[in-house]
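K.L.:
Take a look at this one; I'll ask things after.
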Amino acid sequence: MLYPGEWSGKNMGTNLRKLVTPTEIDIASLRHKTLAVDAHNQIYQFLSVIRQPDGEYLRTSDGKVTSHLLGLLPRTANLLNRGIKLAYVFDGLPPQLKEQTIRSRSDRKSDAAEKLAQAKEAGATAEMKKYAARTARLTPEIIDSSKRFLEAIGVPVIQAPSEADAQTALMVQKGGCYAAASTDYDTLLHGSPRLVRRLSKSQRATSGPELLVLEDILDTLGISHDELIAIAIMMGTDYHPRGIRGIGPRRGLKLVKQNDIPKAFDRAGCDFDWQAIMGLYQDMETEEDYSVLWEPPNNEAIRVMLVDEYEFSEDTVEKRIDELEDAYEQFG
DNA sequence: CGGGCCAA
DNA sequence: TTGGCCCGG
């Protein structure tokens, strides 16, 4: 079964790491700001990591997956409690050009599922965990229950017509949100002025959240936004994963600085339709009519969903409801 | 992942 | 207080 937009932890998005310079920030500096969270990105992480020792998801007695909700509940309650407003942006239909990436991710998941089965037979615990994480899939049930949960706690849910990264970029550009929150860099290619990464590890001293400012990145590199997109396309994106052979950040940067964009692609030996890909970053379909308004938590809806339907312990749920109420009263 | 518990 | 470990459904 192939799911639209199939997610993968590895080989996802564009690897701009070697081109960007992050700034460590204090989580307190995000207070009263709204972050546009890449929902699929975050849910995928929960599905990868929140597992039983045998690699299986956590589920209700009748088999509904709960791993994602088990991740979302403390996560959202915690961030809201710190005065950080959230808006979750969900992917819509992926562009045609993403087909190849989606198929290869799906194939890799099937491979991982086989290896997981083998590891289970061999009783290799560490292997089980490793391969199980790679089999994570955002099924329609997982997406729907995530949206329903977020709506119950009062967090805005925005449905992107196509890629969430493009929608997110629009929301940051228009000023409704301060930054995008994601582990990958693609929203910068779609033109988001700011990106926050590693929000999750915010409580640890080791690696706090980092902020990337598009304008600063472009200034530092001495290039335009289109030129950054061009380099990314050369290095490989979801819309053409291989990119151009032999082109990494170093050569890509040199090429766009010494040539205009068409010539840079020509010199690099590009043999695919780079302009179509560039068009996806410059002009993807987005929804202009959205709200990022934080609403009060609907406690009864939260209880019904989490306790009755998803078999969460009453204590856990009541504790988080208290946090959510506090958060809304303080910062909403 | 994030929380809670406990040992050092 | 800090950190390692287990648990959550």
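To be explicit about the labels: the chains of the structure tokens are called A, B, and onward in the order shown, and within each one the residues are counted from 1, while ligands get numbers from 1 in the order they are shown.
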Could you write out as a VMD selection string the residues of chain A within 9 Å of chain C, counting only C-alpha atoms (C1' of nucleotides)?
P.N.:
chain A and resid 50 58 to 61 65 to 67 70 310 to 313
K.L.:
Please, could you write that set of residues out with N, CA, C and O atoms as a PDB file, in the first residue's frame?
P.N.:
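File again21.pdb, as written:
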```
ATOM      1  N   ILE A  50       8.437   5.928  19.140  1.00  0.00           N
ATOM      2  CA  ILE A  50       7.599   5.468  20.255  1.00  0.00           C
ATOM      3  C   ILE A  50       7.065   4.075  19.935  1.00  0.00           C
ATOM      4  O   ILE A  50       6.064   3.906  19.247  1.00  0.00           O
ATOM      5  N   LEU A  58       2.656   1.170  19.862  1.00  0.00           N
ATOM      6  CA  LEU A  58       1.731   1.050  20.980  1.00  0.00           C
ATOM      7  C   LEU A  58       0.329   1.186  20.400  1.00  0.00           C
ATOM      8  O   LEU A  58       0.093   2.017  19.531  1.00  0.00           O
ATOM      9  N   ARG A  59      -0.577   0.342  20.886  1.00  0.00           N
ATOM     10  CA  ARG A  59      -1.924   0.298  20.320  1.00  0.00           C
ATOM     11  C   ARG A  59      -2.975   0.156  21.399  1.00  0.00           C
ATOM     12  O   ARG A  59      -2.674  -0.216  22.525  1.00  0.00           O
ATOM     13  N   THR A  60      -4.210   0.419  21.007  1.00  0.00           N
ATOM     14  CA  THR A  60      -5.330   0.127  21.901  1.00  0.00           C
ATOM     15  C   THR A  60      -5.607  -1.371  21.843  1.00  0.00           C
ATOM     16  O   THR A  60      -5.057  -2.074  21.000  1.00  0.00           O
ATOM     17  N   SER A  61      -6.495  -1.830  22.724  1.00  0.00           N
ATOM     18  CA  SER A  61      -6.794  -3.268  22.751  1.00  0.00           C
ATOM     19  C   SER A  61      -7.414  -3.745  21.438  1.00  0.00           C
ATOM     20  O   SER A  61      -7.280  -4.901  21.075  1.00  0.00           O
ATOM     21  N   VAL A  65      -3.420   2.353  16.415  1.00  0.00           N
ATOM     22  CA  VAL A  65      -2.104   2.873  16.772  1.00  0.00           C
ATOM     23  C   VAL A  65      -2.251   4.104  17.669  1.00  0.00           C
ATOM     24  O   VAL A  65      -3.071   4.980  17.395  1.00  0.00           O
ATOM     25  N   THR A  66      -1.467   4.149  18.743  1.00  0.00           N
ATOM     26  CA  THR A  66      -1.524   5.299  19.652  1.00  0.00           C
ATOM     27  C   THR A  66      -0.179   6.010  19.787  1.00  0.00           C
ATOM     28  O   THR A  66      -0.091   7.032  20.463  1.00  0.00           O
ATOM     29  N   SER A  67       0.853   5.476  19.160  1.00  0.00           N
ATOM     30  CA  SER A  67       2.197   6.042  19.312  1.00  0.00           C
ATOM     31  C   SER A  67       2.247   7.543  19.010  1.00  0.00           C
ATOM     32  O   SER A  67       2.884   8.304  19.735  1.00  0.00           O
ATOM     33  N   LEU A  70       0.551   9.541  21.725  1.00  0.00           N
ATOM     34  CA  LEU A  70       1.383   9.470  22.920  1.00  0.00           C
ATOM     35  C   LEU A  70       2.556  10.446  22.820  1.00  0.00           C
ATOM     36  O   LEU A  70       3.090  10.898  23.836  1.00  0.00           O
ATOM     37  N   TYR A 310      -8.988   5.930  22.956  1.00  0.00           N
ATOM     38  CA  TYR A 310      -7.599   5.489  22.789  1.00  0.00           C
ATOM     39  C   TYR A 310      -6.977   4.891  24.049  1.00  0.00           C
ATOM     40  O   TYR A 310      -5.790   4.602  24.086  1.00  0.00           O
ATOM     41  N   GLU A 311      -7.795   4.725  25.071  1.00  0.00           N
ATOM     42  CA  GLU A 311      -7.401   3.969  26.260  1.00  0.00           C
ATOM     43  C   GLU A 311      -6.200   4.543  27.017  1.00  0.00           C
ATOM     44  O   GLU A 311      -5.410   3.815  27.615  1.00  0.00           O
ATOM     45  N   PHE A 312      -6.071   5.879  26.973  1.00  0.00           N
ATOM     46  CA  PHE A 312      -5.057   6.527  27.795  1.00  0.00           C
ATOM     47  C   PHE A 312      -5.516   6.484  29.252  1.00  0.00           C
ATOM     48  O   PHE A 312      -6.713   6.454  29.527  1.00  0.00           O
ATOM     49  N   SER A 313      -4.571   6.520  30.168  1.00  0.00           N
ATOM     50  CA  SER A 313      -4.949   6.540  31.584  1.00  0.00           C
ATOM     51  C   SER A 313      -5.554   7.905  31.933  1.00  0.00           C
ATOM     52  O   SER A 313      -5.114   8.939  31.425  1.00  0.00           O
TER      53      SER A 313
END
```
K.L.:
Using 9 Å as the limit and counting only C-alpha atoms (C1' of nucleotides), can you tabulate each residue of chain A that touches chain B, with its shortest atom-to-atom distance in Å and the two atoms involved, as JSON lines?
P.N.:
```
{"residue": "A:Gln45", "atom": "CA", "partner": "B:DC1", "partner_atom": "C1'", "distance": 8.2}
{"residue": "A:Phe46", "atom": "CA", "partner": "B:DC1", "partner_atom": "C1'", "distance": 6.3}
{"residue": "A:Val49", "atom": "CA", "partner": "B:DC1", "partner_atom": "C1'", "distance": 6.6}
{"residue": "A:Ile50", "atom": "CA", "partner": "B:DC1", "partner_atom": "C1'", "distance": 6.3}
{"residue": "A:Leu70", "atom": "CA", "partner": "B:DC1", "partner_atom": "C1'", "distance": 8.4}
{"residue": "A:Gly71", "atom": "CA", "partner": "B:DC1", "partner_atom": "C1'", "distance": 5.8}
{"residue": "A:Leu72", "atom": "CA", "partner": "B:DC1", "partner_atom": "C1'", "distance": 8.9}
{"residue": "A:Pro74", "atom": "CA", "partner": "B:DG2", "partner_atom": "C1'", "distance": 6.6}
{"residue": "A:Arg75", "atom": "CA", "partner": "B:DG2", "partner_atom": "C1'", "distance": 7.4}
{"residue": "A:Ser200", "atom": "CA", "partner": "B:DC1", "partner_atom": "C1'", "distance": 8.3}
```
K.L.:
I need the residues from that last selection saved to file as a PDB file, in the first residue's frame (with N, CA and C atoms), if you can.
P.N.:
```
ATOM      1  N   GLN A  45       8.244  11.170  13.196  1.00  0.00           N
ATOM      2  CA  GLN A  45       9.247  10.939  14.230  1.00  0.00           C
ATOM      3  C   GLN A  45       8.674  10.179  15.421  1.00  0.00           C
ATOM      4  N   PHE A  46       7.473  10.547  15.805  1.00  0.00           N
ATOM      5  CA  PHE A  46       6.840   9.823  16.909  1.00  0.00           C
ATOM      6  C   PHE A  46       6.619   8.355  16.534  1.00  0.00           C
ATOM      7  N   VAL A  49       9.867   6.328  16.732  1.00  0.00           N
ATOM      8  CA  VAL A  49      10.568   6.187  17.998  1.00  0.00           C
ATOM      9  C   VAL A  49       9.713   5.601  19.113  1.00  0.00           C
ATOM     10  N   ILE A  50       8.437   5.928  19.140  1.00  0.00           N
ATOM     11  CA  ILE A  50       7.599   5.468  20.255  1.00  0.00           C
ATOM     12  C   ILE A  50       7.065   4.075  19.935  1.00  0.00           C
ATOM     13  N   LEU A  70       0.551   9.541  21.725  1.00  0.00           N
ATOM     14  CA  LEU A  70       1.383   9.470  22.920  1.00  0.00           C
ATOM     15  C   LEU A  70       2.556  10.446  22.820  1.00  0.00           C
ATOM     16  N   GLY A  71       2.964  10.744  21.609  1.00  0.00           N
ATOM     17  CA  GLY A  71       4.007  11.738  21.391  1.00  0.00           C
ATOM     18  C   GLY A  71       3.438  13.149  21.401  1.00  0.00           C
ATOM     19  N   LEU A  72       2.312  13.319  20.710  1.00  0.00           N
ATOM     20  CA  LEU A  72       1.730  14.657  20.549  1.00  0.00           C
ATOM     21  C   LEU A  72       1.230  15.270  21.858  1.00  0.00           C
ATOM     22  N   PRO A  74       2.119  15.114  25.304  1.00  0.00           N
ATOM     23  CA  PRO A  74       3.057  15.867  26.140  1.00  0.00           C
ATOM     24  C   PRO A  74       3.798  16.942  25.359  1.00  0.00           C
ATOM     25  N   ARG A  75       4.062  16.678  24.102  1.00  0.00           N
ATOM     26  CA  ARG A  75       4.810  17.601  23.273  1.00  0.00           C
ATOM     27  C   ARG A  75       4.100  18.935  23.119  1.00  0.00           C
ATOM     28  N   SER A 200      12.518  19.776  19.730  1.00  0.00           N
ATOM     29  CA  SER A 200      12.237  18.676  20.651  1.00  0.00           C
ATOM     30  C   SER A 200      13.274  18.538  21.753  1.00  0.00           C
TER      31      SER A 200
END
```
K.L.:
Could you give me, as a list in words, the residues within 7 Å of segment 1-4 of chain A, counting only C-alpha atoms (C1' of nucleotides) and dropping anything in the same chain fewer than 6 positions from it?
P.N.:
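Once the adjacent positions are removed, what remains is Leu93, Pro94, Ser106 and Thr139 of chain A.
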K.L.:
How would the residues just picked look written out with N, CA and C atoms as a PDB file, in the first residue's frame?
P.N.:
```
ATOM      1  N   LEU A  93      -1.783  16.863  -1.529  1.00  0.00           N
ATOM      2  CA  LEU A  93      -1.318  15.980  -2.598  1.00  0.00           C
ATOM      3  C   LEU A  93       0.079  16.365  -3.058  1.00  0.00           C
ATOM      4  N   PRO A  94       0.975  15.398  -3.114  1.00  0.00           N
ATOM      5  CA  PRO A  94       2.325  15.713  -3.569  1.00  0.00           C
ATOM      6  C   PRO A  94       2.331  15.995  -5.069  1.00  0.00           C
ATOM      7  N   SER A 106       8.733   3.953  -0.312  1.00  0.00           N
ATOM      8  CA  SER A 106       7.828   2.838  -0.054  1.00  0.00           C
ATOM      9  C   SER A 106       8.564   1.502  -0.174  1.00  0.00           C
ATOM     10  N   THR A 139      -0.588   6.496   7.976  1.00  0.00           N
ATOM     11  CA  THR A 139      -1.830   6.011   7.379  1.00  0.00           C
ATOM     12  C   THR A 139      -2.921   7.071   7.526  1.00  0.00           C
TER      13      THR A 139
END
```
K.L.:
Kindly give the distance, in Å, that separates atom CA of Asp322 of chain A and atom CA of Ser207 of chain A, rounded to a single decimal.
P.N.:
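So the two atoms, atom CA of Asp322 of chain A and atom CA of Ser207 of chain A, lie 28.8 Å apart.
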K.L.:
One decimal, Å: what's the distance from atom CA of Ala180 of chain A over to atom CA of Lys85 of chain A, could you say?
P.N.:
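Straight-line distance from atom CA of Ala180 of chain A to atom CA of Lys85 of chain A works out to 11.8 Å.
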K.L.:
Just the residues within 8 Å of Gly13 of chain A, please, counting only C-alpha atoms (C1' of nucleotides), with nothing from its chain fewer than 3 positions along; format it as number ranges by chain.
P.N.:
A: 184-186, 237-238
